[in-house]
There are 2 protein chains.
Amino acid sequence: MPKRVTAKEIAQALGISTMTVSRALNNRPNVDEKTRQKVLETARKMGYIPNLIAKSLVLRKTSTIGVVVPEITHSFFPEVVRGIEEVSYQAGYHIILAHTNENAQREISVIHTLISKQVDGLLVSISQSVENFEIYQQVVQRGLPLVFYDRCVKGLGVNCVRLDDRESAAKITRHLIEHGYERIAHISGPQNVLISEMRLKGFKDAVEATGIELDERLIVPGGFHEESGYRAMQQLLALPAGKRPRAVVAVNDPAAFGAMKAILEAGLRIPQDVAIVGFSDDIRAELMVSPLTTIRQNAYEIGRRAALKLIDLIEEKSNSVEEIVIHGELVVRHSCGC
Amino acid sequence: MPKRVTAKEIAQALGISTMTVSRALNNRPNVDEKTRQKVLETARKMGYIPNLIAKSLVLRKTSTIGVVVPEITHSFFPEVVRGIEEVSYQAGYHIILAHTNENAQREISVIHTLISKQVDGLLVSISQSVENFEIYQQVVQRGLPLVFYDRCVKGLGVNCVRLDDRESAAKITRHLIEHGYERIAHISGPQNVLISEMRLKGFKDAVEATGIELDERLIVPGGFHEESGYRAMQQLLALPAGKRPRAVVAVNDPAAFGAMKAILEAGLRIPQDVAIVGFSDDIRAELMVSPLTTIRQNAYEIGRRAALKLIDLIEEKSNSVEEIVIHGELVVRHSCGC
DNA sequence: TTGTACGCGTTATCAA
DNA sequence: TTGATAACGCGTACAA
C-alpha cells in the first residue's frame with residue numbers, strides 16, 4: 001500500500017491553506033510568486049504527485065479515452081492504436097485499452113467498465129460476432145462521445161472512420177482491366193462481414209463499368225485465410241480451359257497467398273499465366289516469390305483521425321456526425337504483371 | 001457532458017438511504033432480499049452505472065495496471081499486451097496502456113501520469129535510450145508494485161520476466177555444432193543493447209564448449225535490420241576461401257534475411273554451401289525460399305507471467321523478488337540443413 | 001436490517 | 001492574494 005503525499009500535507013508543512021497549494025501547483029494566476037515558489041519546492045522535496053482520481057471526481061472529467069480493440073495480434077490494430085496514442089498524448093489524454101477478443105459479450109462488459117471508469121469518450125471497433133447494438137444506443141443516449149473506427153455500425157448516427165474498401169477494390173480491379181486483363185476473378189471473403197461485401201461490390205463496380213458481362217462463376221466464396229484462398233483458387237482452376245480467369249482479385253493478402261500456392265502447384269506461372277492481386281499489404285506480401293500487388297491501408301491514419309474526431313467531440317469543438325474515409329493506396333509489385 | 005445516475009438518486013427514488021442502495025448493489029449480506037430486488041430493478045431501469053472513480057478514491061484502489069510499452073508497431077509487444085490483458089481481465093484488473101516510442105523522457109512522463117492515475121501496479125519495458133533509473137527507484141520507494149518485462153533493469157531489486165537470450169543463442173548454436181558444422185559465424189547486433197550482448201555471449205558459450213578456438217573474424221558486427229545483415233554477410237563472404245563460415249548464427253531474423261540475400265547473390269546455396277539460423281521467429285521466416293531455422297519467443301507468455309506476478313504483488317500474495325525466465329523454443333526449418 | 005456522519009484528495013465558490 | 005466551506009460519488013464505522 002503506497003504512501004502518498006497530499007496537497008493537504010504540503011499545506012500543513014508550509015502553514016498555508018490547501019487551496020493556495022492547489023492554485024500554486026496548477027499555475028493559477030492569483031498566487032503570490034514567492035508563495036508559488038515555496039510550494040513548488042516543497043512539493044518536489046516531499047515527492048508530491050497529484051491524485052488525478054480525486055481531481056477527476058470533482059472536475060467530472062478524466063482526460064481518458066477508452067479504446068476498444070477486437071483483436072490485437074495482427075499488425076493492423078496495433079498500428080491504429082499507435083495513431084490513437086500519438087494524438088491523445090499530444091492533446092493530454094490517456095488511453096485505457098480494452099481487448100474484446102472478437103467476443104460480443106466481452107465487448108459489452110468492457111464498455112460498461114470503461115463507462116464506470118468515467119472515460120471522456122469511446123473509440124470502438126466492434127467484434128465480428130456483434131449483432132445487437134443496444135449498448136451503443138445507450139452510450140449515445142448518455143451523451144458519451146463515441147467514434148467507431150474501421151468496423152462501423154450504420155444507422156446509429158455515430159461518427160465513423162473507415163477504409164474505402166469498395167473504392168479500393170474497384171481501384172485495384174480497374175488497374176488490372178487497364179492493363180488488358182479480361183477474365184478477372186474474385187476470391188471473396190465471408191459473406192456476412194461488411195468488408196467482404198464492400199470489396200465484392202467494388203470488384204463488381206469496376207468490372208461492370210467496362211460493359212463486359214460479369215461471369216458469376218468467376219466470383220468464388222473464399223475467406224480471409226490462406227486455406228480458403230487456396231481452395232477457392234483450385235475451384236477457379238478447375239473451370240474449363242477457356243473459362244479460367246486470367247487475373248484474380250483476392251479479398252485480402254493471406255487469401256492471395258493461398259491462391260498463389262494453388263497456382264504454382266498447378267504448374268502455372270505468376271503473372272504470365274495468372275495474375276493476382278491482394279488487399280491490405282501484409283508484411284509478407286513483398287517477400288513472396290512473386291511479390292504481391294495489393295492495397296496498402298493506412299491504419300495509423302485511421303487511429304489518428306478517429307482520435308482527433310473524438311477529442312473534438314469531447315471538447316465540443318464539433319458535434320457533426322461524419323463518416324471519414326481513409327483511402328487505400330495501390331502498391332504495384334510483380335504479381336499483377338503490370 | 002453525459003448525465004449520470006448516482007446511487008443517491010436511486011435512494012431518493014425509493015425513499016431509502018444511499019447506504020442501503022450501496023449494500024444492495026454490492027451484494028452485501030445485511031440487506032433485506034425484497035429491498036435488494038427493488039434496488040436492483042430500479043438501478044437497471046434508471047440505467048445506473050457505478051462511478052469507479054469515486055469508488056477508487058474511497059477504497060484507495062483502482063484495480064488498474066499501468067503498462068508501459070516502448071514500441072507497438074511490431075508483433076512482439078502487442079503479443080505481450082495480449083498476455084497481460086488476458087490475465088488482468090480474469091483477475092478483475094484493467095489496463096492503461098502507455099506508449100513511450102523508445103523515448104526516455106516520455107517514459108518518465110508516462111510513469112508520472114500512471115502514478116497520478118493511482119494505478120495499483122506497473123508493468124514496464126524500458127526504452128532503449130534510458131540510462132537513468134532514478135524514476136524506478138522512486139517507484140520502489142513509494143511501495144508501488146513494479147515488474148519489468150522483456151527489457152529489465154538489474155540491481156534495483158525489481159521483479160523481472162525476460163527471455164533467455166543467452167541460453168537460446170547457445171542452444172541454436174549447439175544445434176549447428178551437433179550437426180557437424182565447424183566454422184560457424186555470428187552476425188551480431190548493436191553493441192550497446194543488452195540482448196545483442198546476451199546472444200553474442202550465448203554464441204560464444206556454445207562454440208567455446210566444443211574446445212575449438214573461437215575465430216574472432218567470424219564475429220561480425222551487424223544490426224537488427226536487413227541491410228546490416230546483408231552487409232555483414234558480404235563481409236564474411238569476402239574472407240579467403242578456407243576461412244569462410246560454413247554456417248551463420250544471425251542476431252535476429254531480419255538480419256538473417258539480409259544475410260540470406262547476400263548468400264544467394266553470391267551464387268551460393270542455402271544450406272548446402274552456407275547454413276543459416278535466425279532468432280525471434282519473424283512471421284516471414286517460414287516463407288523464405290529456404291525457410292529459416294530460428295528461436296521462437298513466447299511473447300504472450302511473458303505478458304501472462306509478468307501480469308500474474310504483478311497481481312500477486314498487488315494483492316500481497318507474494319513479496320519475493322524473482323527473475324522469471326521464459327525459454328525460447330528451437331524451430332528447425334530448412335535453412336540449417338539439419 | 002437500515003440510517004447517519006464522515007472521509008477519500010481535489011477544486012469551485014465565495015468571503016475575507 | 002488567501003482561506004473556509006462545500007461538493008464530486010461512494011464506502012467504512014458506528015449508531016439506531
# chains A, B, ... in the order shown; residues from 1 in each chain; ligands from 1

$ closest_atom_pairs --of "chain A" --to "chain D" --cutoff "8 Å" --atoms "only C-alpha atoms (C1' of nucleotides)" --output "Markdown table"
| residue | atom | partner | partner_atom | distance |
| --- | --- | --- | --- | --- |
| A:Ser17 | CA | D:DG3 | C1' | 6.4 |
| A:Met19 | CA | D:DG3 | C1' | 7.5 |
| A:Thr20 | CA | D:DT2 | C1' | 6.9 |
| A:Asn30 | CA | D:DT1 | C1' | 6.4 |
| A:Val31 | CA | D:DT1 | C1' | 6.0 |
| A:Asp32 | CA | D:DT1 | C1' | 6.4 |
| A:Leu57 | CA | D:DC8 | C1' | 5.0 |
| A:Val58 | CA | D:DC8 | C1' | 4.2 |
| A:Leu59 | CA | D:DC8 | C1' | 7.4 |
| A:Arg60 | CA | D:DC8 | C1' | 7.4 |

$ write_last_selection --atoms "N, CA and C atoms" --output "short mmCIF file (atom, residue, chain, number, x, y, z; two decimals), in the first residue's frame"
data_model
loop_
_atom_site.label_atom_id
_atom_site.label_comp_id
_atom_site.auth_asym_id
_atom_site.auth_seq_id
_atom_site.Cartn_x
_atom_site.Cartn_y
_atom_site.Cartn_z
N SER A 17 -3.02 27.31 3.36
CA SER A 17 -4.22 26.51 3.10
C SER A 17 -4.03 25.60 1.88
N MET A 19 -5.95 25.25 -0.56
CA MET A 19 -6.32 25.94 -1.80
C MET A 19 -5.15 26.68 -2.41
N THR A 20 -4.37 27.31 -1.57
CA THR A 20 -3.21 28.03 -2.09
C THR A 20 -2.23 27.05 -2.73
N ASN A 30 -3.71 33.82 -9.59
CA ASN A 30 -3.88 34.54 -8.33
C ASN A 30 -3.13 33.92 -7.14
N VAL A 31 -1.83 33.82 -7.32
CA VAL A 31 -0.99 33.31 -6.24
C VAL A 31 0.29 34.14 -6.23
N ASP A 32 0.70 34.52 -5.06
CA ASP A 32 1.93 35.29 -4.95
C ASP A 32 3.11 34.46 -5.45
N LEU A 57 -12.79 13.30 -10.01
CA LEU A 57 -14.08 13.23 -9.34
C LEU A 57 -14.71 14.61 -9.25
N VAL A 58 -13.92 15.57 -8.88
CA VAL A 58 -14.50 16.90 -8.74
C VAL A 58 -14.71 17.60 -10.08
N LEU A 59 -13.77 17.40 -10.99
CA LEU A 59 -13.91 18.07 -12.29
C LEU A 59 -14.88 17.35 -13.22
N ARG A 60 -15.23 16.15 -12.87
CA ARG A 60 -16.09 15.34 -13.73
C ARG A 60 -15.49 15.18 -15.11
#

$ calpha_fit_and_write --fixed "chain A" --moving "chain B" --output "compact mmCIF listing (two decimals) with C-alpha atoms, in the first residue's frame"
# COMPACT_ATOMS: atom_id res chain seq x y z
CA MET B 1 -0.08 0.05 0.05
CA PRO B 2 1.85 3.05 -1.26
CA LYS B 3 1.97 6.11 0.98
CA ARG B 4 1.05 9.26 -0.84
CA VAL B 5 1.86 12.86 -0.21
CA THR B 6 -1.19 15.09 -0.50
CA ALA B 7 -1.60 18.76 -1.13
CA LYS B 8 -2.88 19.06 2.41
CA GLU B 9 0.39 17.74 3.80
CA ILE B 10 2.35 20.27 1.80
CA ALA B 11 0.09 22.95 3.20
CA GLN B 12 0.67 21.81 6.76
CA ALA B 13 4.40 21.64 6.25
CA LEU B 14 4.38 25.25 5.10
CA GLY B 15 1.73 26.49 7.47
CA ILE B 16 -0.52 27.68 4.66
CA SER B 17 -3.87 26.56 3.33
CA THR B 18 -4.51 23.72 0.93
CA MET B 19 -6.00 26.12 -1.58
CA THR B 20 -2.86 28.16 -1.86
CA VAL B 21 -0.96 24.97 -2.50
CA SER B 22 -3.49 23.93 -5.13
CA ARG B 23 -3.26 27.30 -6.81
CA ALA B 24 0.51 27.28 -6.83
CA LEU B 25 0.64 23.77 -8.21
CA ASN B 26 -1.78 24.57 -10.99
CA ASN B 27 -0.06 27.78 -12.02
CA ARG B 28 -2.98 29.98 -11.17
CA PRO B 29 -2.28 33.70 -11.43
CA ASN B 30 -3.52 34.76 -8.03
CA VAL B 31 -0.72 33.52 -5.85
CA ASP B 32 2.37 35.31 -4.62
CA GLU B 33 5.47 34.37 -6.55
CA LYS B 34 7.47 33.66 -3.40
CA THR B 35 4.73 31.44 -2.04
CA ARG B 36 4.54 29.61 -5.35
CA GLN B 37 8.26 28.92 -5.33
CA LYS B 38 8.15 27.63 -1.77
CA VAL B 39 5.24 25.36 -2.63
CA LEU B 40 6.84 23.99 -5.77
CA GLU B 41 10.06 23.31 -3.95
CA THR B 42 8.58 21.48 -1.02
CA ALA B 43 6.26 19.59 -3.36
CA ARG B 44 9.31 18.38 -5.20
CA LYS B 45 11.14 17.59 -1.99
CA MET B 46 8.28 15.64 -0.56
CA GLY B 47 7.80 13.73 -3.79
CA TYR B 48 4.31 15.02 -4.35
CA ILE B 49 2.37 13.56 -7.25
CA PRO B 50 -1.17 14.86 -7.69
CA ASN B 51 -4.06 12.45 -7.35
CA LEU B 52 -5.88 12.61 -10.65
CA ILE B 53 -8.63 10.40 -9.31
CA ALA B 54 -9.65 13.07 -6.82
CA LYS B 55 -9.20 15.74 -9.44
CA SER B 56 -11.36 13.84 -11.91
CA LEU B 57 -14.08 13.42 -9.33
CA VAL B 58 -14.42 17.11 -8.73
CA LEU B 59 -13.86 18.25 -12.28
CA ARG B 60 -16.09 15.51 -13.69
CA LYS B 61 -13.53 14.91 -16.35
CA THR B 62 -10.90 12.18 -16.51
CA SER B 63 -8.97 13.17 -19.63
CA THR B 64 -9.15 9.54 -20.56
CA ILE B 65 -10.35 7.84 -23.70
CA GLY B 66 -11.61 4.28 -23.75
CA VAL B 67 -10.38 2.30 -26.73
CA VAL B 68 -12.13 -0.94 -27.59
CA VAL B 69 -10.18 -3.30 -29.80
CA PRO B 70 -11.61 -6.59 -31.06
CA GLU B 71 -8.33 -8.21 -31.80
CA ILE B 72 -4.79 -7.31 -31.02
CA THR B 73 -2.63 -10.03 -32.48
CA HIS B 74 -2.26 -8.90 -36.05
CA SER B 75 -0.63 -5.72 -37.15
CA PHE B 76 -3.66 -3.70 -38.11
CA PHE B 77 -5.07 -2.79 -34.71
CA PRO B 78 -1.79 -2.10 -32.96
CA GLU B 79 -1.05 0.32 -35.72
CA VAL B 80 -4.43 1.98 -35.20
CA VAL B 81 -3.74 2.18 -31.49
CA ARG B 82 -0.41 3.84 -32.22
CA GLY B 83 -2.25 6.52 -34.16
CA ILE B 84 -4.75 6.98 -31.36
CA GLU B 85 -1.98 7.12 -28.77
CA GLU B 86 -0.07 9.74 -30.67
CA VAL B 87 -2.97 12.13 -30.99
CA SER B 88 -4.25 11.53 -27.48
CA TYR B 89 -0.89 12.07 -25.87
CA GLN B 90 -0.45 15.36 -27.68
CA ALA B 91 -3.87 16.51 -26.56
CA GLY B 92 -3.34 15.50 -22.94
CA TYR B 93 -5.54 12.44 -22.92
CA HIS B 94 -4.75 8.97 -21.72
CA ILE B 95 -5.96 5.71 -23.08
CA ILE B 96 -7.59 2.78 -21.42
CA LEU B 97 -7.29 -0.13 -23.78
CA ALA B 98 -9.91 -2.84 -23.68
CA HIS B 99 -9.65 -5.99 -25.73
CA THR B 100 -12.83 -7.89 -26.58
CA ASN B 101 -11.29 -10.84 -28.36
CA GLU B 102 -14.13 -10.71 -30.92
CA ASN B 103 -16.54 -11.59 -28.18
CA ALA B 104 -19.86 -9.75 -28.14
CA GLN B 105 -20.54 -10.33 -24.48
CA ARG B 106 -17.13 -9.17 -23.46
CA GLU B 107 -17.65 -6.10 -25.59
CA ILE B 108 -20.67 -5.09 -23.54
CA SER B 109 -18.80 -5.82 -20.35
CA VAL B 110 -15.79 -3.69 -21.22
CA ILE B 111 -17.93 -0.80 -22.37
CA HIS B 112 -19.74 -0.81 -19.08
CA THR B 113 -16.43 -0.78 -17.31
CA LEU B 114 -15.14 2.08 -19.37
CA ILE B 115 -18.24 4.11 -18.64
CA SER B 116 -17.84 3.27 -14.96
CA LYS B 117 -14.33 4.58 -15.15
CA GLN B 118 -15.80 7.80 -16.45
CA VAL B 119 -13.90 7.96 -19.68
CA ASP B 120 -14.52 11.19 -21.54
CA GLY B 121 -15.16 9.37 -24.79
CA LEU B 122 -15.13 6.02 -26.53
CA LEU B 123 -13.34 4.74 -29.61
CA VAL B 124 -14.81 1.45 -30.71
CA SER B 125 -14.30 -1.18 -33.35
CA ILE B 126 -17.06 -3.74 -32.92
CA SER B 127 -16.51 -7.46 -32.64
CA GLN B 128 -17.46 -9.65 -35.55
CA SER B 129 -20.13 -11.47 -33.60
CA VAL B 130 -22.00 -8.37 -32.45
CA GLU B 131 -25.55 -8.10 -33.67
CA ASN B 132 -27.23 -6.16 -30.91
CA PHE B 133 -26.38 -2.49 -30.88
CA GLU B 134 -28.43 -1.47 -27.87
CA ILE B 135 -25.37 -0.68 -25.82
CA TYR B 136 -24.33 1.94 -28.35
CA GLN B 137 -27.75 3.53 -28.30
CA GLN B 138 -27.34 3.80 -24.55
CA VAL B 139 -23.94 5.38 -24.95
CA VAL B 140 -25.37 7.91 -27.37
CA GLN B 141 -28.30 8.65 -25.10
CA ARG B 142 -25.97 9.26 -22.19
CA GLY B 143 -24.30 11.90 -24.30
CA LEU B 144 -20.97 10.12 -24.10
CA PRO B 145 -18.88 10.98 -27.18
CA LEU B 146 -18.38 7.94 -29.38
CA VAL B 147 -16.52 7.31 -32.61
CA PHE B 148 -16.42 4.00 -34.43
CA TYR B 149 -13.28 3.11 -36.30
CA ASP B 150 -12.71 0.52 -38.99
CA ARG B 151 -15.77 -1.52 -38.13
CA CYS B 152 -18.69 0.83 -38.00
CA VAL B 153 -22.37 0.52 -37.19
CA LYS B 154 -24.68 2.32 -39.54
CA GLY B 155 -27.93 3.98 -38.66
CA LEU B 156 -27.09 5.07 -35.14
CA GLY B 157 -25.98 8.53 -36.09
CA VAL B 158 -22.52 7.80 -34.78
CA ASN B 159 -19.26 9.11 -36.17
CA CYS B 160 -17.19 6.67 -38.10
CA VAL B 161 -13.70 6.47 -39.53
CA ARG B 162 -13.25 3.66 -41.98
CA LEU B 163 -11.47 2.41 -45.04
CA ASP B 164 -12.87 2.72 -48.53
CA ASP B 165 -13.04 -1.00 -49.15
CA ARG B 166 -15.44 -0.75 -52.03
CA GLU B 167 -13.57 2.02 -53.80
CA SER B 168 -10.21 0.37 -53.22
CA ALA B 169 -11.43 -2.96 -54.53
CA ALA B 170 -12.73 -1.19 -57.61
CA LYS B 171 -9.42 0.63 -57.95
CA ILE B 172 -7.26 -2.44 -57.93
CA THR B 173 -9.65 -4.27 -60.25
CA ARG B 174 -9.62 -1.34 -62.68
CA HIS B 175 -5.85 -1.45 -62.56
CA LEU B 176 -5.99 -4.99 -63.93
CA ILE B 177 -8.58 -4.05 -66.52
CA GLU B 178 -6.52 -1.11 -67.71
CA HIS B 179 -3.60 -3.41 -68.27
CA GLY B 180 -5.60 -5.48 -70.67
CA TYR B 181 -6.78 -8.36 -68.53
CA GLU B 182 -10.21 -9.59 -69.48
CA ARG B 183 -11.26 -12.67 -67.59
CA ILE B 184 -10.81 -11.47 -64.02
CA ALA B 185 -11.90 -13.58 -61.05
CA HIS B 186 -12.61 -12.67 -57.45
CA ILE B 187 -11.86 -14.82 -54.44
CA SER B 188 -14.28 -13.37 -51.93
CA GLY B 189 -14.39 -13.42 -48.14
CA PRO B 190 -16.97 -14.64 -45.64
CA GLN B 191 -20.40 -13.65 -46.90
CA ASN B 192 -21.68 -12.08 -43.70
CA VAL B 193 -18.76 -9.76 -43.04
CA LEU B 194 -19.13 -6.18 -44.20
CA ILE B 195 -15.67 -5.76 -45.67
CA SER B 196 -16.05 -8.91 -47.77
CA GLU B 197 -19.27 -7.57 -49.10
CA MET B 198 -17.81 -4.15 -49.84
CA ARG B 199 -14.81 -5.56 -51.64
CA LEU B 200 -17.03 -7.82 -53.70
CA LYS B 201 -19.18 -4.84 -54.62
CA GLY B 202 -16.13 -2.83 -55.59
CA PHE B 203 -14.95 -5.68 -57.76
CA LYS B 204 -18.30 -5.83 -59.49
CA ASP B 205 -18.41 -2.05 -59.90
CA ALA B 206 -15.16 -2.12 -61.83
CA VAL B 207 -15.98 -5.11 -63.98
CA GLU B 208 -19.47 -3.93 -64.84
CA ALA B 209 -18.17 -0.49 -65.75
CA THR B 210 -16.36 -2.09 -68.66
CA GLY B 211 -19.63 -3.23 -70.17
CA ILE B 212 -18.46 -6.81 -70.15
CA GLU B 213 -20.90 -9.33 -68.79
CA LEU B 214 -19.88 -10.51 -65.33
CA ASP B 215 -19.22 -14.25 -65.29
CA GLU B 216 -20.58 -15.41 -61.94
CA ARG B 217 -18.43 -18.53 -62.08
CA LEU B 218 -15.44 -16.25 -61.64
CA ILE B 219 -16.63 -15.17 -58.21
CA VAL B 220 -15.64 -17.87 -55.76
CA PRO B 221 -16.41 -17.80 -52.08
CA GLY B 222 -13.17 -18.12 -50.19
CA GLY B 223 -12.25 -16.64 -46.83
CA PHE B 224 -9.69 -14.51 -45.09
CA HIS B 225 -7.08 -17.22 -44.73
CA GLU B 226 -4.52 -19.01 -46.80
CA GLU B 227 -6.28 -22.36 -46.95
CA SER B 228 -9.49 -20.85 -48.24
CA GLY B 229 -7.61 -18.90 -50.88
CA TYR B 230 -5.85 -22.08 -51.90
CA ARG B 231 -9.07 -24.03 -52.26
CA ALA B 232 -10.84 -21.23 -54.09
CA MET B 233 -8.01 -20.98 -56.58
CA GLN B 234 -8.05 -24.73 -57.20
CA GLN B 235 -11.71 -24.38 -57.99
CA LEU B 236 -10.99 -21.60 -60.47
CA LEU B 237 -8.24 -23.60 -62.13
CA ALA B 238 -10.59 -26.53 -62.54
CA LEU B 239 -12.73 -24.52 -64.94
CA PRO B 240 -12.61 -25.56 -68.62
CA ALA B 241 -9.51 -24.18 -70.31
CA GLY B 242 -11.17 -21.25 -72.08
CA LYS B 243 -13.12 -20.26 -69.01
CA ARG B 244 -10.19 -19.93 -66.66
CA PRO B 245 -9.37 -16.51 -65.26
CA ARG B 246 -6.41 -14.59 -66.58
CA ALA B 247 -6.23 -12.50 -63.41
CA VAL B 248 -7.48 -12.80 -59.84
CA VAL B 249 -8.50 -10.27 -57.21
CA ALA B 250 -8.24 -11.84 -53.75
CA VAL B 251 -10.23 -10.50 -50.81
CA ASN B 252 -7.04 -10.06 -48.81
CA ASP B 253 -3.35 -10.90 -48.88
CA PRO B 254 -3.41 -14.20 -47.00
CA ALA B 255 -6.07 -15.50 -49.38
CA ALA B 256 -3.84 -14.34 -52.24
CA PHE B 257 -0.90 -16.24 -50.75
CA GLY B 258 -2.96 -19.42 -50.76
CA ALA B 259 -4.08 -18.78 -54.30
CA MET B 260 -0.49 -18.21 -55.42
CA LYS B 261 0.46 -21.55 -53.96
CA ALA B 262 -2.31 -23.23 -55.93
CA ILE B 263 -1.25 -21.48 -59.14
CA LEU B 264 2.38 -22.50 -58.77
CA GLU B 265 1.45 -26.06 -57.86
CA ALA B 266 -0.58 -26.26 -61.06
CA GLY B 267 2.62 -25.54 -62.96
CA LEU B 268 1.51 -22.07 -63.97
CA ARG B 269 3.49 -18.86 -63.75
CA ILE B 270 2.68 -15.60 -61.97
CA PRO B 271 1.90 -13.24 -63.65
CA GLN B 272 2.52 -14.69 -67.11
CA ASP B 273 -0.23 -17.29 -66.87
CA VAL B 274 -2.31 -15.91 -64.02
CA ALA B 275 -1.92 -12.46 -62.55
CA ILE B 276 -3.03 -11.92 -58.97
CA VAL B 277 -3.58 -9.06 -56.57
CA GLY B 278 -4.38 -8.95 -52.85
CA PHE B 279 -5.68 -6.50 -50.32
CA SER B 280 -4.18 -5.06 -47.10
CA ASP B 281 -0.42 -5.11 -47.75
CA ASP B 282 0.53 -7.86 -45.37
CA ILE B 283 4.14 -7.62 -44.25
CA ARG B 284 4.84 -10.78 -46.21
CA ALA B 285 3.43 -9.47 -49.49
CA GLU B 286 6.71 -8.01 -50.59
CA LEU B 287 8.64 -11.16 -49.84
CA MET B 288 6.68 -13.57 -52.00
CA VAL B 289 8.46 -15.24 -54.89
CA SER B 290 6.33 -12.98 -57.01
CA PRO B 291 5.86 -9.88 -54.83
CA LEU B 292 2.18 -9.17 -54.46
CA THR B 293 0.38 -6.15 -55.84
CA THR B 294 -2.06 -5.03 -53.19
CA ILE B 295 -3.92 -2.18 -51.47
CA ARG B 296 -2.13 -0.60 -48.55
CA GLN B 297 -4.37 0.58 -45.75
CA ASN B 298 -3.23 3.33 -43.51
CA ALA B 299 -4.19 1.98 -40.12
CA TYR B 300 -2.20 4.64 -38.30
CA GLU B 301 -4.22 7.31 -40.05
CA ILE B 302 -7.47 5.67 -39.05
CA GLY B 303 -6.40 5.85 -35.43
CA ARG B 304 -5.24 9.41 -35.76
CA ARG B 305 -8.41 10.65 -37.41
CA ALA B 306 -10.69 8.76 -35.05
CA ALA B 307 -8.91 10.21 -32.02
CA LEU B 308 -8.94 13.72 -33.47
CA LYS B 309 -12.65 13.53 -34.12
CA LEU B 310 -13.38 12.11 -30.68
CA ILE B 311 -11.38 14.80 -28.92
CA ASP B 312 -13.21 17.44 -30.92
CA LEU B 313 -16.48 15.95 -29.75
CA ILE B 314 -15.31 15.82 -26.14
CA GLU B 315 -14.16 19.39 -26.20
CA GLU B 316 -17.28 20.43 -28.05
CA LYS B 317 -15.36 21.81 -30.98
CA SER B 318 -17.54 19.72 -33.22
CA ASN B 319 -20.90 18.05 -33.01
CA SER B 320 -21.45 17.05 -36.61
CA VAL B 321 -21.81 13.40 -37.45
CA GLU B 322 -19.25 12.46 -40.03
CA GLU B 323 -18.19 9.44 -41.94
CA ILE B 324 -14.48 9.82 -42.52
CA VAL B 325 -13.08 7.60 -45.23
CA ILE B 326 -9.40 6.78 -45.42
CA HIS B 327 -8.39 5.86 -48.92
CA GLY B 328 -6.37 2.78 -49.70
CA GLU B 329 -3.18 3.12 -51.67
CA LEU B 330 -2.45 0.93 -54.65
CA VAL B 331 0.92 -0.77 -54.27
CA VAL B 332 2.03 -2.16 -57.60
CA ARG B 333 4.47 -5.04 -57.44
CA HIS B 334 5.30 -7.94 -59.67
CA SER B 335 2.33 -10.28 -59.27
CA CYS B 336 -0.02 -8.29 -61.49
CA GLY B 337 2.36 -8.10 -64.43
CA CYS B 338 1.77 -4.39 -64.84

$ select_by_dssp --residues "range 193-313 of chain B" --states "strand (DSSP E or B)" --output "number ranges by chain"
B: 219-221, 247-250, 275-277, 293-296

$ interface_residues --of "chain C" --to "chain B" --cutoff "7 Å" --atoms "only C-alpha atoms (C1' of nucleotides)" --output "NGL selection string"
:C and (1-3 or 8)

$ write_last_selection --atoms "C-alpha atoms (C1' of nucleotides)" --output "PDB file, in the first residue's frame"
ATOM      1  C1'  DT C   1     -31.902  -4.518   8.588  1.00  0.00           C
ATOM      2  C1'  DT C   2     -31.286   0.363   7.963  1.00  0.00           C
ATOM      3  C1'  DG C   3     -29.536   5.065   8.562  1.00  0.00           C
ATOM      4  C1'  DC C   8     -11.069   9.682   0.333  1.00  0.00           C
TER       5       DC C   8
END

$ select_by_dssp --residues "range 30-195 of chain A" --states "helix (DSSP H, G or I)" --output "NGL selection string"
:A and (33-46 or 52-59 or 76-91 or 104-116 or 134-142 or 165-178 or 194-195)
